[in-house]
file my_file_35.cif (mmCIF, C-alpha atoms and all ligand atoms)
data_input
#
loop_
_atom_site.label_atom_id
_atom_site.label_comp_id
_atom_site.auth_asym_id
_atom_site.auth_seq_id
_atom_site.Cartn_x
_atom_site.Cartn_y
_atom_site.Cartn_z
CA MET A 247 0.00 0.00 0.00
CA GLU A 248 1.24 3.49 -0.84
CA THR A 249 1.27 5.70 2.27
CA GLU A 250 0.74 9.41 1.72
CA ILE A 251 2.95 11.45 4.06
CA ILE A 252 1.93 15.05 4.72
CA LYS A 253 3.30 17.69 7.07
CA ILE A 254 0.81 19.90 8.90
CA SER A 255 2.17 22.69 11.06
CA ASP A 256 -1.11 24.17 12.32
CA THR A 257 -4.87 24.05 11.97
CA SER A 258 -4.94 26.80 9.35
CA GLU A 259 -4.04 24.08 6.82
CA THR A 260 -7.70 23.17 6.45
CA GLU A 261 -7.38 21.37 3.10
CA LYS A 262 -4.90 18.87 4.55
CA ILE A 263 -7.01 18.37 7.67
CA LYS A 264 -10.08 17.73 5.48
CA LYS A 265 -8.14 15.20 3.44
CA ALA A 266 -7.06 13.24 6.53
CA ALA A 267 -10.58 13.39 8.01
CA ASP A 268 -12.06 12.21 4.72
CA ILE A 269 -9.87 9.11 4.65
CA LEU A 270 -10.97 8.31 8.23
CA ALA A 271 -14.66 8.89 7.45
CA HIS A 272 -14.35 6.43 4.54
CA GLY A 273 -12.85 3.58 6.54
CA GLY A 274 -9.13 4.29 6.00
CA LEU A 275 -6.19 4.48 8.42
CA VAL A 276 -4.46 7.77 9.26
CA ALA A 277 -1.65 8.29 11.79
CA PHE A 278 -1.68 11.71 13.43
CA PRO A 279 0.15 13.58 16.20
CA THR A 280 -1.29 13.96 19.69
CA GLU A 281 0.22 15.68 22.74
CA THR A 282 1.11 12.27 24.24
CA VAL A 283 2.30 10.05 21.36
CA TYR A 284 1.24 9.60 17.72
CA GLY A 285 -2.01 7.69 17.23
CA LEU A 286 -3.07 5.31 14.45
CA GLY A 287 -6.66 6.31 13.75
CA ALA A 288 -9.71 4.63 12.22
CA ASP A 289 -13.47 5.23 12.50
CA ALA A 290 -14.37 3.71 15.89
CA THR A 291 -17.94 2.98 14.80
CA ASP A 292 -16.80 0.95 11.77
CA ALA A 293 -15.79 -2.59 12.76
CA GLU A 294 -14.02 -3.23 9.43
CA ALA A 295 -11.95 -0.05 9.68
CA ALA A 296 -10.95 -0.84 13.26
CA LYS A 297 -9.89 -4.36 12.23
CA LYS A 298 -7.35 -2.81 9.86
CA ILE A 299 -5.66 -1.17 12.88
CA TYR A 300 -4.96 -4.58 14.43
CA ALA A 301 -3.53 -5.86 11.13
CA ALA A 302 -1.32 -2.79 10.55
CA LYS A 303 0.13 -2.91 14.08
CA GLY A 304 0.30 -6.67 14.47
CA ARG A 305 -1.78 -6.16 17.64
CA PRO A 306 -3.54 -9.02 19.47
CA SER A 307 -7.29 -8.70 18.87
CA ASP A 308 -8.18 -8.90 22.60
CA ASN A 309 -6.32 -5.64 23.31
CA PRO A 310 -8.97 -2.87 23.23
CA LEU A 311 -8.57 0.54 21.55
CA ILE A 312 -9.07 4.02 23.01
CA ILE A 313 -11.71 6.08 21.21
CA HIS A 314 -10.91 9.76 20.66
CA VAL A 315 -13.52 12.53 20.63
CA ALA A 316 -13.28 16.25 19.80
CA ASP A 317 -15.28 17.41 22.86
CA PRO A 318 -15.76 15.62 26.20
CA GLU A 319 -19.58 15.70 25.74
CA ASP A 320 -19.24 13.60 22.56
CA ALA A 321 -18.60 10.64 24.90
CA GLU A 322 -22.41 10.53 25.40
CA LYS A 323 -22.87 8.90 22.01
CA TYR A 324 -20.51 6.05 22.80
CA ALA A 325 -20.37 5.55 26.58
CA VAL A 326 -22.44 5.81 29.76
CA THR A 327 -20.97 8.85 31.49
CA ASN A 328 -21.47 9.99 35.08
CA GLU A 329 -21.00 13.08 37.18
CA CYS A 330 -17.37 12.24 38.02
CA TYR A 331 -16.56 11.96 34.30
CA TYR A 332 -17.71 15.55 33.80
CA ARG A 333 -15.71 16.78 36.77
CA LEU A 334 -12.63 15.08 35.31
CA ALA A 335 -13.46 16.56 31.91
CA LYS A 336 -13.69 20.04 33.38
CA ALA A 337 -10.33 19.64 35.10
CA PHE A 338 -8.28 17.73 32.52
CA MET A 339 -9.93 17.65 29.07
CA PRO A 340 -8.95 18.18 26.38
CA GLY A 341 -5.73 16.58 27.59
CA PRO A 342 -3.76 13.43 28.37
CA LEU A 343 -6.45 11.56 30.33
CA THR A 344 -8.38 8.45 29.24
CA VAL A 345 -11.48 7.36 31.16
CA ILE A 346 -12.97 3.86 30.96
CA LEU A 347 -16.76 3.82 31.08
CA PRO A 348 -19.55 1.33 30.26
CA LYS A 349 -19.86 1.13 26.48
CA LYS A 350 -22.90 1.83 24.28
CA ASP A 351 -23.85 -0.21 21.18
CA THR A 352 -22.51 2.47 18.81
CA ILE A 353 -19.04 1.01 19.42
CA PRO A 354 -18.53 -2.47 17.92
CA SER A 355 -17.19 -5.05 20.36
CA SER A 356 -14.18 -5.69 18.11
CA VAL A 357 -12.96 -2.19 19.07
CA THR A 358 -13.09 -2.99 22.79
CA GLY A 359 -11.62 -6.50 22.56
CA GLY A 360 -15.04 -7.91 23.50
CA LEU A 361 -15.22 -5.91 26.77
CA ASP A 362 -18.44 -4.12 27.77
CA SER A 363 -16.47 -0.98 28.64
CA VAL A 364 -14.88 1.61 26.38
CA ALA A 365 -11.89 3.92 26.91
CA VAL A 366 -12.58 7.58 25.98
CA ARG A 367 -10.02 10.34 25.44
CA CYS A 368 -10.28 13.92 24.16
CA PRO A 369 -6.83 14.93 22.91
CA ALA A 370 -5.58 18.50 23.32
CA HIS A 371 -3.27 18.54 20.31
CA PRO A 372 -4.88 21.06 17.91
CA ILE A 373 -4.19 18.96 14.78
CA ALA A 374 -5.57 15.76 16.36
CA ASN A 375 -8.59 17.64 17.64
CA ALA A 376 -9.27 19.27 14.26
CA ILE A 377 -8.99 15.97 12.34
CA ILE A 378 -11.35 14.19 14.77
CA ARG A 379 -13.87 17.05 14.65
CA GLU A 380 -13.78 17.20 10.86
CA SER A 381 -14.23 13.42 10.55
CA GLY A 382 -17.60 13.71 12.33
CA THR A 383 -17.10 10.43 14.21
CA ALA A 384 -15.12 8.98 17.12
CA ILE A 385 -11.63 7.85 16.16
CA ALA A 386 -10.19 4.63 17.58
CA ALA A 387 -6.44 5.17 17.93
CA PRO A 388 -3.77 3.10 19.61
CA SER A 389 -0.19 4.36 19.56
CA ALA A 390 1.05 4.33 15.94
CA ASN A 391 3.90 1.84 16.45
CA ILE A 392 4.30 -1.80 15.50
CA SER A 393 3.14 -3.79 18.56
CA GLY A 394 6.02 -4.26 20.99
CA SER A 395 8.14 -1.30 19.87
CA PRO A 396 8.27 2.06 21.71
CA SER A 397 5.37 4.44 21.05
CA PRO A 398 6.19 7.01 18.35
CA THR A 399 6.82 10.59 19.45
CA CYS A 400 7.65 12.14 16.06
CA GLY A 401 6.72 11.71 12.42
CA ASP A 402 9.91 9.79 11.58
CA HIS A 403 9.12 7.09 14.17
CA VAL A 404 5.71 6.56 12.53
CA ILE A 405 7.21 6.54 9.03
CA HIS A 406 9.73 3.92 10.20
CA ASP A 407 7.01 1.63 11.63
CA MET A 408 3.95 2.29 9.44
CA ARG A 409 5.00 3.34 5.94
CA GLY A 410 3.39 0.96 3.43
CA ARG A 411 0.84 -0.30 5.98
CA ILE A 412 -1.62 2.61 6.24
CA ASP A 413 -3.24 5.25 4.01
CA MET A 414 -1.75 8.44 5.43
CA ILE A 415 0.76 9.75 7.97
CA VAL A 416 0.28 13.29 9.24
CA ASP A 417 3.63 14.62 10.48
CA GLY A 418 3.01 17.40 12.99
CA GLY A 419 6.40 17.49 14.71
CA GLU A 420 7.31 16.17 18.14
CA SER A 421 4.79 15.08 20.77
CA GLU A 422 5.07 17.42 23.73
CA ILE A 423 4.51 14.91 26.56
CA GLY A 424 6.06 11.81 25.00
CA LEU A 425 4.33 9.20 27.23
CA GLU A 426 0.84 7.82 26.61
CA SER A 427 -2.20 9.18 28.44
CA THR A 428 -3.12 8.40 32.04
CA ILE A 429 -5.85 5.69 32.02
CA ILE A 430 -8.39 5.36 34.81
CA LYS A 431 -11.44 3.18 35.27
CA LEU A 432 -14.35 4.85 37.04
CA ASP A 433 -16.68 3.28 39.56
CA GLY A 434 -18.93 6.19 40.54
CA ASN A 435 -16.58 8.74 42.12
CA ARG A 436 -13.84 6.21 42.70
CA ALA A 437 -11.02 5.76 40.21
CA THR A 438 -8.58 2.93 39.59
CA LEU A 439 -5.37 3.94 37.87
CA LEU A 440 -4.57 1.44 35.11
CA ARG A 441 -1.78 3.36 33.36
CA PRO A 442 0.06 6.37 34.84
CA GLY A 443 0.73 9.40 32.64
CA ALA A 444 1.07 13.15 32.73
CA ILE A 445 -2.16 13.56 34.73
CA THR A 446 -0.72 12.39 38.05
CA CYS A 447 -2.37 10.55 40.96
CA ASP A 448 -2.20 13.71 43.06
CA ALA A 449 -4.04 15.66 40.36
CA LEU A 450 -6.73 12.95 40.08
CA THR A 451 -7.15 12.86 43.86
CA CYS A 452 -8.27 16.50 43.73
CA VAL A 453 -11.29 15.45 41.63
CA CYS A 454 -12.11 11.81 42.47
CA GLU A 455 -13.16 10.57 45.90
CA SER A 456 -10.32 8.03 45.84
CA VAL A 457 -7.64 6.81 43.43
CA GLU A 458 -6.45 3.24 43.74
CA ILE A 459 -3.30 2.27 41.86
CA SER A 460 -3.72 -1.06 40.11
CA SER A 461 -0.91 -3.42 41.13
CA ALA A 462 -0.02 -3.97 37.46
CA VAL A 463 1.24 -0.34 37.30
CA THR A 464 4.35 -1.18 39.31
CA GLU A 465 4.42 -4.98 39.76
CA GLU A 466 4.88 -7.90 37.45
CA LEU A 467 1.68 -9.85 36.80
CA SER A 468 1.75 -13.39 38.11
CA LYS A 469 1.34 -16.10 35.47
CA ASN A 470 -2.44 -16.57 35.39
CA GLU A 471 -3.46 -13.16 36.68
CA LYS A 472 -6.07 -11.37 34.55
CA PRO A 473 -5.22 -7.65 34.35
CA LEU A 474 -7.89 -4.91 34.49
CA SER A 475 -6.48 -3.61 31.24
CA PRO A 476 -5.59 -6.27 28.64
CA GLY A 477 -2.65 -4.18 27.37
CA MET A 478 -0.89 -4.71 30.70
CA LYS A 479 -0.20 -8.34 29.98
CA TYR A 480 1.80 -7.69 26.81
CA ARG A 481 5.48 -6.89 26.90
CA HIS A 482 5.86 -3.30 25.72
CA TYR A 483 8.53 -0.93 24.54
CA ALA A 484 11.03 -3.74 24.35
CA PRO A 485 14.47 -2.74 23.05
CA THR A 486 16.43 -5.46 21.20
CA ALA A 487 19.29 -5.53 23.73
CA PRO A 488 18.25 -6.30 27.34
CA LEU A 489 17.58 -3.20 29.44
CA VAL A 490 18.73 -3.20 33.08
CA LEU A 491 17.56 -0.52 35.53
CA LEU A 492 20.06 0.61 38.17
CA ASP A 493 18.83 1.29 41.69
CA GLY A 494 21.22 2.99 44.11
CA ASP A 495 22.79 6.26 45.28
CA GLU A 496 23.88 8.63 42.51
CA ASP A 497 27.60 8.17 43.20
CA LEU A 498 27.37 4.38 43.26
CA VAL A 499 25.46 4.32 39.98
CA ILE A 500 28.07 6.52 38.28
CA ASP A 501 30.87 4.27 39.61
CA PHE A 502 29.04 1.23 38.30
CA LEU A 503 28.54 2.82 34.87
CA ARG A 504 32.22 3.85 34.63
CA ARG A 505 33.33 0.29 35.37
CA ALA A 506 30.72 -1.11 32.95
CA GLN A 507 32.04 1.08 30.12
CA ASN A 508 35.47 -0.53 30.56
CA ALA A 509 34.27 -4.07 31.03
CA GLU A 510 31.47 -4.52 28.50
CA HIS A 511 29.85 -3.28 25.31
CA CYS A 512 27.07 -1.28 26.95
CA THR A 513 24.66 1.48 25.92
CA ILE A 514 23.76 3.97 28.66
CA LEU A 515 20.70 6.18 29.09
CA CYS A 516 22.08 8.86 31.38
CA TYR A 517 21.08 12.15 32.97
CA ASP A 518 22.49 15.27 31.30
CA GLU A 519 24.62 15.99 34.38
CA GLU A 520 26.40 12.67 33.94
CA LEU A 521 27.72 13.36 30.43
CA ASP A 522 30.97 14.80 31.84
CA HIS A 523 31.58 11.76 34.01
CA LEU A 524 31.25 9.05 31.37
CA ARG A 525 33.02 8.21 28.12
CA TYR A 526 31.12 9.49 25.09
CA GLU A 527 30.39 6.10 23.59
CA ARG A 528 26.86 4.66 23.17
CA LEU A 529 25.79 7.32 25.64
CA ILE A 530 22.26 8.74 25.30
CA PRO A 531 21.27 11.71 27.49
CA ILE A 532 17.58 11.71 28.47
CA GLY A 533 17.30 15.07 30.26
CA ALA A 534 18.39 16.68 33.52
CA ARG A 535 18.10 14.54 36.67
CA ASN A 536 15.20 16.50 38.13
CA ASN A 537 13.46 17.37 34.88
CA LEU A 538 10.90 14.58 34.62
CA GLU A 539 9.03 16.35 31.81
CA ALA A 540 12.16 16.37 29.65
CA GLN A 541 12.86 12.71 30.47
CA SER A 542 9.29 11.74 29.53
CA ALA A 543 9.53 13.60 26.24
CA ARG A 544 12.85 11.86 25.42
CA LEU A 545 12.35 8.32 26.71
CA PHE A 546 10.81 6.53 23.72
CA SER A 547 13.09 8.27 21.28
CA ALA A 548 16.08 7.28 23.45
CA LEU A 549 14.93 3.63 23.48
CA ARG A 550 14.63 3.68 19.69
CA GLU A 551 18.09 5.23 19.43
CA ALA A 552 19.51 2.59 21.79
CA ASP A 553 18.18 -0.03 19.38
CA THR A 554 20.24 1.40 16.53
CA LEU A 555 23.50 1.14 18.53
CA ASP A 556 25.30 -2.17 18.83
CA GLY A 557 25.48 -2.41 22.62
CA ASP A 558 25.03 -5.88 24.17
CA ILE A 559 23.17 -4.46 27.15
CA ILE A 560 21.43 -1.15 27.97
CA TYR A 561 21.70 0.51 31.39
CA ALA A 562 19.37 3.24 32.68
CA HIS A 563 18.39 4.74 36.03
CA LEU A 564 15.41 3.32 37.91
CA PRO A 565 13.00 6.30 38.13
CA LYS A 566 11.41 7.35 41.43
CA LYS A 567 7.69 6.62 41.65
CA GLU A 568 6.53 10.11 42.63
CA GLY A 569 4.46 12.43 40.42
CA LEU A 570 5.26 12.05 36.73
CA GLY A 571 8.03 9.66 37.85
CA LEU A 572 5.40 6.93 38.26
CA ALA A 573 4.70 7.02 34.50
CA LEU A 574 8.43 6.85 33.70
CA TYR A 575 8.84 4.01 36.22
CA ASN A 576 5.92 2.09 34.69
CA ARG A 577 7.23 2.38 31.10
CA MET A 578 10.82 1.60 32.04
CA ILE A 579 10.20 -1.47 34.20
CA ARG A 580 8.13 -2.93 31.38
CA ALA A 581 10.79 -2.14 28.76
CA ALA A 582 13.27 -3.82 31.14
CA ALA A 583 10.97 -6.83 31.74
CA HIS A 584 11.29 -5.90 35.47
CA THR A 585 15.08 -6.31 35.55
CA ILE A 586 16.39 -4.11 38.37
CA LYS A 587 20.01 -4.22 39.60
CA LYS A 588 20.90 -2.88 43.05
CA VAL A 589 24.26 -1.09 43.06
O1 LIG B 1 -1.96 8.67 24.82
C1 LIG B 1 -2.62 7.70 24.44
O2 LIG B 1 -3.47 7.15 25.14
C2 LIG B 1 -2.34 7.19 23.00
C3 LIG B 1 -2.79 8.28 22.03
C4 LIG B 1 -2.70 7.86 20.59
O3 LIG B 1 -4.07 8.72 22.36
N1 LIG B 1 -3.03 5.94 22.76
C5 LIG B 1 -2.61 4.77 23.32
O4 LIG B 1 -3.34 3.67 22.93
O5 LIG B 1 -1.67 4.71 24.08
P1 LIG B 1 -2.82 2.16 23.13
O6 LIG B 1 -3.78 1.33 22.39
O7 LIG B 1 -1.42 2.07 22.73
O8 LIG B 1 -3.00 1.90 24.65
C6 LIG B 1 -4.31 1.77 25.18
C7 LIG B 1 -4.33 0.96 26.42
C8 LIG B 1 -4.08 -0.52 26.19
O9 LIG B 1 -3.20 -0.99 27.20
C9 LIG B 1 -5.46 -1.14 26.34
O10 LIG B 1 -5.40 -2.46 26.83
C10 LIG B 1 -6.13 -0.20 27.33
O11 LIG B 1 -5.64 1.07 26.97
N2 LIG B 1 -7.60 -0.17 27.17
C11 LIG B 1 -8.32 0.29 26.12
N3 LIG B 1 -9.65 0.12 26.32
C12 LIG B 1 -9.79 -0.48 27.53
C13 LIG B 1 -10.90 -0.95 28.30
N4 LIG B 1 -12.15 -0.84 27.85
N5 LIG B 1 -10.65 -1.52 29.50
C14 LIG B 1 -9.39 -1.65 29.96
N6 LIG B 1 -8.28 -1.22 29.29
C15 LIG B 1 -8.48 -0.67 28.09
MG MG B 2 0.48 1.37 22.60
#
call {"tool": "encode", "arguments": {"input": "my_file_35.cif", "output": "structure tokens", "more": "lines below"}}
Ligand code: TXA
Ligand code: MG
result
Amino acid sequence: METEIIKISDTSETEKIKKAADILAHGGLVAFPTETVYGLGADATDAEAAKKIYAAKGRPSDNPLIIHVADPEDAEKYAVTNECYYRLAKAFMPGPLTVILPKKDTIPSSVTGGLDSVAVRCPAHPIANAIIRESGTAIAAPSANISGSPSPTCGDHVIHDMRGRIDMIVDGGESEIGLESTIIKLDGNRATLLRPGAITCDALTCVCESVEISSAVTEELSKNEKPLSPGMKYRHYAPTAPLVLLDGDEDLVIDFLRRAQNAEHCTILCYDEELDHLRYERLIPIGARNNLEAQSARLFSALREADTLDGDIIYAHLPKKEGLGLALYNRMIRAAAHTIKKV
């Protein structure tokens, strides 16, 4: 399949936005930028169109898709909302929050992996929002990567993974946040956090009566455990070389990394401050130590870059679990298949 690649810099490019929306409205696949990561969109009300997403990504069919709407109220057509949903919408939408609600019949069960719930998100990225609005429907969109590789945070990542597999790629530059949306499941006013993201637990606690963190956010699932979110059982963001996360005092970690650079063929994801202390060889800076926003924006790109280097092993810091750190922790322990080394 020939994939049309177009660059859109802002929403004044109405002809291009119309073209992308038209492909979606007619059952095609379009990848587009969002503030979290790039999404691979299809009409969420069209079972055949949604099926093409699974084929293009190589995604297991029991892993449900998030549906994207232009305004929070549009959720009414597809899900059973409640008062807490609207309080969350007022506080965080449009933005990087996905809410799981009981589904209505307008969404085919193939989109939700056979579940009777549906995940709803209203993205803030102006190009994503304009394309969804113009399409006149809800857009099912997982991250626009091949299943198992890091989510794409720029047009080139999507071109690398999806060229030849989908109708169109809209390149709108780099995703600002760089990690996928926060996902919560609502039970009245009570929320369960299924995937941490830029909307933190503390922020959610200001709106919901309680926020429980699902154990799958930080722990490894035991063999026969059924996760609340099917996506949690699949290995994600897996670099080709094994990734090992280092847990210890700053000085001890630096000492360990220095010795590792002499003893083995390693790739290192380091903090900017550490660049002066390590040899400049397979060394990938991911942002300043205390700048979690920068680290989030860089992480997936850094993992992709690590894959292009010929290191036998990749070392990175184990993030702290506070605030946005919980999202970094969650993505990194999964990329590392829970391999943590105490130093
Ligand atoms: O930021 C994001 O959320 C991006 C952009 C494109 O919006 N999308 C994204 O989609 O990350 P995806 O498919 O890569 O991740 C969606 C996750 C999966 O782990 C899936 O299992 C879970 O959401 N999910 C979707 N619907 C669900 C449901 N009804 N119940 C439980 N989990 C659900
Ligand atoms: Mg994904």
call {"tool": "residues_near_ligand", "arguments": {"input": "my_file_35.cif", "ligand": "ligand MG 2 (chain B)", "cutoff": "12 Å", "atoms": "all atoms listed in the file", "output": "PyMOL selection string"}}
result
chain A and resi 282-286+299-300+303-306+309-312+387-399+425-427+441+476-478+480-484+546+577
call {"tool": "closest_residue", "arguments": {"input": "my_file_35.cif", "among": "A:Pro279, A:Pro369, A:Gly287, A:Gly434", "to": "Ile346 in chain A", "atoms": "all atoms listed in the file"}}
result
A:Gly434
call {"tool": "residues_around", "arguments": {"input": "my_file_35.cif", "residues": "Arg411 in chain A", "least_positions_apart": "5", "cutoff": "9 Å", "atoms": "only C-alpha atoms", "output": "ChimeraX atom specification"}}
result
/A:247-249,275,301-303
call {"tool": "residues_around", "arguments": {"input": "my_file_35.cif", "residues": "Asp558 in chain A", "least_positions_apart": "6", "cutoff": "6 Å", "atoms": "all atoms listed in the file", "output": "list of chain:residue names"}}
result
A:Ala487, A:His511, A:Cys512
call {"tool": "axis_aligned_box", "arguments": {"input": "my_file_35.cif", "around": "range 501-508 of chain A", "padding_each_side": "4 Å", "output": "AutoDock Vina command-line options"}}
result
--center_x 32.0 --center_y 1.6 --center_z 34.9 --size_x 14.9 --size_y 13.4 --size_z 17.5
call {"tool": "atom_distance", "arguments": {"input": "my_file_35.cif", "atom1": "CA of Ser363 in chain A", "atom2": "CA of Leu347 in chain A"}}
result
5.4 Å
call {"tool": "atom_distance", "arguments": {"input": "my_file_35.cif", "atom1": "CA of Ser356 in chain A", "atom2": "atom O5 of ligand LIG 1 (chain B)"}}
result
17.3 Å
call {"tool": "atom_distance", "arguments": {"input": "my_file_35.cif", "atom1": "CA of Ile252 in chain A", "atom2": "CA of Met414 in chain A"}}
result
7.6 Å
call {"tool": "closest_residue", "arguments": {"input": "my_file_35.cif", "among": "A:Ser421, A:Thr383, A:Gln507, A:Ser456", "to": "Asp289 in chain A", "atoms": "all atoms listed in the file"}}
result
A:Thr383
call {"tool": "residues_near_point", "arguments": {"input": "my_file_35.cif", "point": "(-9.6, -1.8, 33.4)", "cutoff": "7 Å", "atoms": "only C-alpha atoms", "output": "ChimeraX atom specification"}}
result
/A:431,440,474-475
call {"tool": "write_last_selection", "arguments": {"input": "my_file_35.cif", "atoms": "C-alpha atoms", "output": "compact mmCIF listing (two decimals), keeping the file's coordinate frame"}}
result
# COMPACT_ATOMS: atom_id res chain seq x y z
CA LYS A 431 -11.44 3.18 35.27
CA LEU A 440 -4.57 1.44 35.11
CA LEU A 474 -7.89 -4.91 34.49
CA SER A 475 -6.48 -3.61 31.24
call {"tool": "closest_residue", "arguments": {"input": "my_file_35.cif", "among": "A:Leu564, A:Ala548, A:Ala293, A:Ile378", "to": "Asp268 in chain A", "atoms": "all atoms listed in the file"}}
result
A:Ile378
call {"tool": "closest_residue", "arguments": {"input": "my_file_35.cif", "among": "A:His314, A:Lys336, A:Arg505, A:His406", "to": "ligand LIG 1 (chain B)", "atoms": "only C-alpha atoms and all ligand atoms"}}
result
A:His314
call {"tool": "closest_residue", "arguments": {"input": "my_file_35.cif", "among": "A:Ala295, A:Leu515, A:Ile445, A:Ala337", "to": "ligand LIG 1 (chain B)", "atoms": "only C-alpha atoms and all ligand atoms"}}
result
A:Ile445
call {"tool": "residues_near_point", "arguments": {"input": "my_file_35.cif", "point": "(-15.5, 1.7, 5.2)", "cutoff": "7 Å", "atoms": "only C-alpha atoms", "output": "list in words"}}
result
His272, Gly273, Gly274, Asp292, Glu294 and Ala295 of chain A
call {"tool": "write_last_selection", "arguments": {"input": "my_file_35.cif", "atoms": "C-alpha atoms", "output": "mmCIF file, in the coordinates of the input"}}
result
data_model
loop_
_atom_site.group_PDB
_atom_site.id
_atom_site.type_symbol
_atom_site.label_atom_id
_atom_site.label_comp_id
_atom_site.auth_asym_id
_atom_site.auth_seq_id
_atom_site.Cartn_x
_atom_site.Cartn_y
_atom_site.Cartn_z
ATOM 1 C CA HIS A 272 -14.350 6.430 4.540
ATOM 2 C CA GLY A 273 -12.850 3.580 6.540
ATOM 3 C CA GLY A 274 -9.130 4.290 6.000
ATOM 4 C CA ASP A 292 -16.800 0.950 11.770
ATOM 5 C CA GLU A 294 -14.020 -3.230 9.430
ATOM 6 C CA ALA A 295 -11.950 -0.050 9.680
#
call {"tool": "closest_residue", "arguments": {"input": "my_file_35.cif", "among": "A:Pro442, A:Pro348, A:Pro340, A:Gly360", "to": "Leu570 in chain A", "atoms": "all atoms listed in the file"}}
result
A:Pro442
call {"tool": "residues_around", "arguments": {"input": "my_file_35.cif", "residues": "Glu322 in chain A", "least_positions_apart": "6", "cutoff": "10 Å", "atoms": "only C-alpha atoms", "output": "PDB file with C-alpha atoms, in the coordinates of the input"}}
result
ATOM      1  CA  ASN A 328     -21.470   9.990  35.080  1.00  0.00           C
ATOM      2  CA  LYS A 349     -19.860   1.130  26.480  1.00  0.00           C
ATOM      3  CA  LYS A 350     -22.900   1.830  24.280  1.00  0.00           C
TER       4      LYS A 350
END
call {"tool": "build_atoms", "arguments": {"input": "my_file_35.cif", "residues": "range 302-316 of chain A", "atoms": "N, CA and C atoms", "output": "PDB file, in the frame of the given file"}}
result
ATOM      1  N   ALA A 302      -2.454  -3.676  10.831  1.00  0.00           N
ATOM      2  CA  ALA A 302      -1.320  -2.790  10.550  1.00  0.00           C
ATOM      3  C   ALA A 302      -0.295  -2.813  11.685  1.00  0.00           C
ATOM      4  N   LYS A 303      -0.773  -2.928  12.926  1.00  0.00           N
ATOM      5  CA  LYS A 303       0.130  -2.910  14.080  1.00  0.00           C
ATOM      6  C   LYS A 303       0.663  -4.283  14.468  1.00  0.00           C
ATOM      7  N   GLY A 304      -0.011  -5.332  13.990  1.00  0.00           N
ATOM      8  CA  GLY A 304       0.300  -6.670  14.470  1.00  0.00           C
ATOM      9  C   GLY A 304      -0.128  -6.785  15.930  1.00  0.00           C
ATOM     10  N   ARG A 305      -1.314  -6.234  16.248  1.00  0.00           N
ATOM     11  CA  ARG A 305      -1.780  -6.160  17.640  1.00  0.00           C
ATOM     12  C   ARG A 305      -2.738  -7.299  17.939  1.00  0.00           C
ATOM     13  N   PRO A 306      -2.594  -7.960  19.105  1.00  0.00           N
ATOM     14  CA  PRO A 306      -3.540  -9.020  19.470  1.00  0.00           C
ATOM     15  C   PRO A 306      -4.962  -8.471  19.545  1.00  0.00           C
ATOM     16  N   SER A 307      -5.929  -9.240  19.024  1.00  0.00           N
ATOM     17  CA  SER A 307      -7.290  -8.700  18.870  1.00  0.00           C
ATOM     18  C   SER A 307      -8.027  -8.535  20.198  1.00  0.00           C
ATOM     19  N   ASP A 308      -7.495  -9.083  21.307  1.00  0.00           N
ATOM     20  CA  ASP A 308      -8.180  -8.900  22.600  1.00  0.00           C
ATOM     21  C   ASP A 308      -7.713  -7.622  23.308  1.00  0.00           C
ATOM     22  N   ASN A 309      -6.821  -6.859  22.671  1.00  0.00           N
ATOM     23  CA  ASN A 309      -6.320  -5.640  23.310  1.00  0.00           C
ATOM     24  C   ASN A 309      -7.135  -4.443  22.811  1.00  0.00           C
ATOM     25  N   PRO A 310      -8.014  -3.884  23.685  1.00  0.00           N
ATOM     26  CA  PRO A 310      -8.970  -2.870  23.230  1.00  0.00           C
ATOM     27  C   PRO A 310      -8.325  -1.541  22.848  1.00  0.00           C
ATOM     28  N   LEU A 311      -9.060  -0.756  22.041  1.00  0.00           N
ATOM     29  CA  LEU A 311      -8.570   0.540  21.550  1.00  0.00           C
ATOM     30  C   LEU A 311      -9.213   1.676  22.345  1.00  0.00           C
ATOM     31  N   ILE A 312      -8.506   2.804  22.412  1.00  0.00           N
ATOM     32  CA  ILE A 312      -9.070   4.020  23.010  1.00  0.00           C
ATOM     33  C   ILE A 312      -9.821   4.759  21.910  1.00  0.00           C
ATOM     34  N   ILE A 313     -11.033   5.252  22.209  1.00  0.00           N
ATOM     35  CA  ILE A 313     -11.710   6.080  21.210  1.00  0.00           C
ATOM     36  C   ILE A 313     -11.490   7.556  21.548  1.00  0.00           C
ATOM     37  N   HIS A 314     -11.262   8.348  20.500  1.00  0.00           N
ATOM     38  CA  HIS A 314     -10.910   9.760  20.660  1.00  0.00           C
ATOM     39  C   HIS A 314     -12.047  10.636  20.161  1.00  0.00           C
ATOM     40  N   VAL A 315     -12.417  11.621  20.981  1.00  0.00           N
ATOM     41  CA  VAL A 315     -13.520  12.530  20.630  1.00  0.00           C
ATOM     42  C   VAL A 315     -13.011  13.974  20.632  1.00  0.00           C
ATOM     43  N   ALA A 316     -13.720  14.851  19.913  1.00  0.00           N
ATOM     44  CA  ALA A 316     -13.280  16.250  19.800  1.00  0.00           C
ATOM     45  C   ALA A 316     -13.672  17.065  21.028  1.00  0.00           C
TER      46      ALA A 316
END
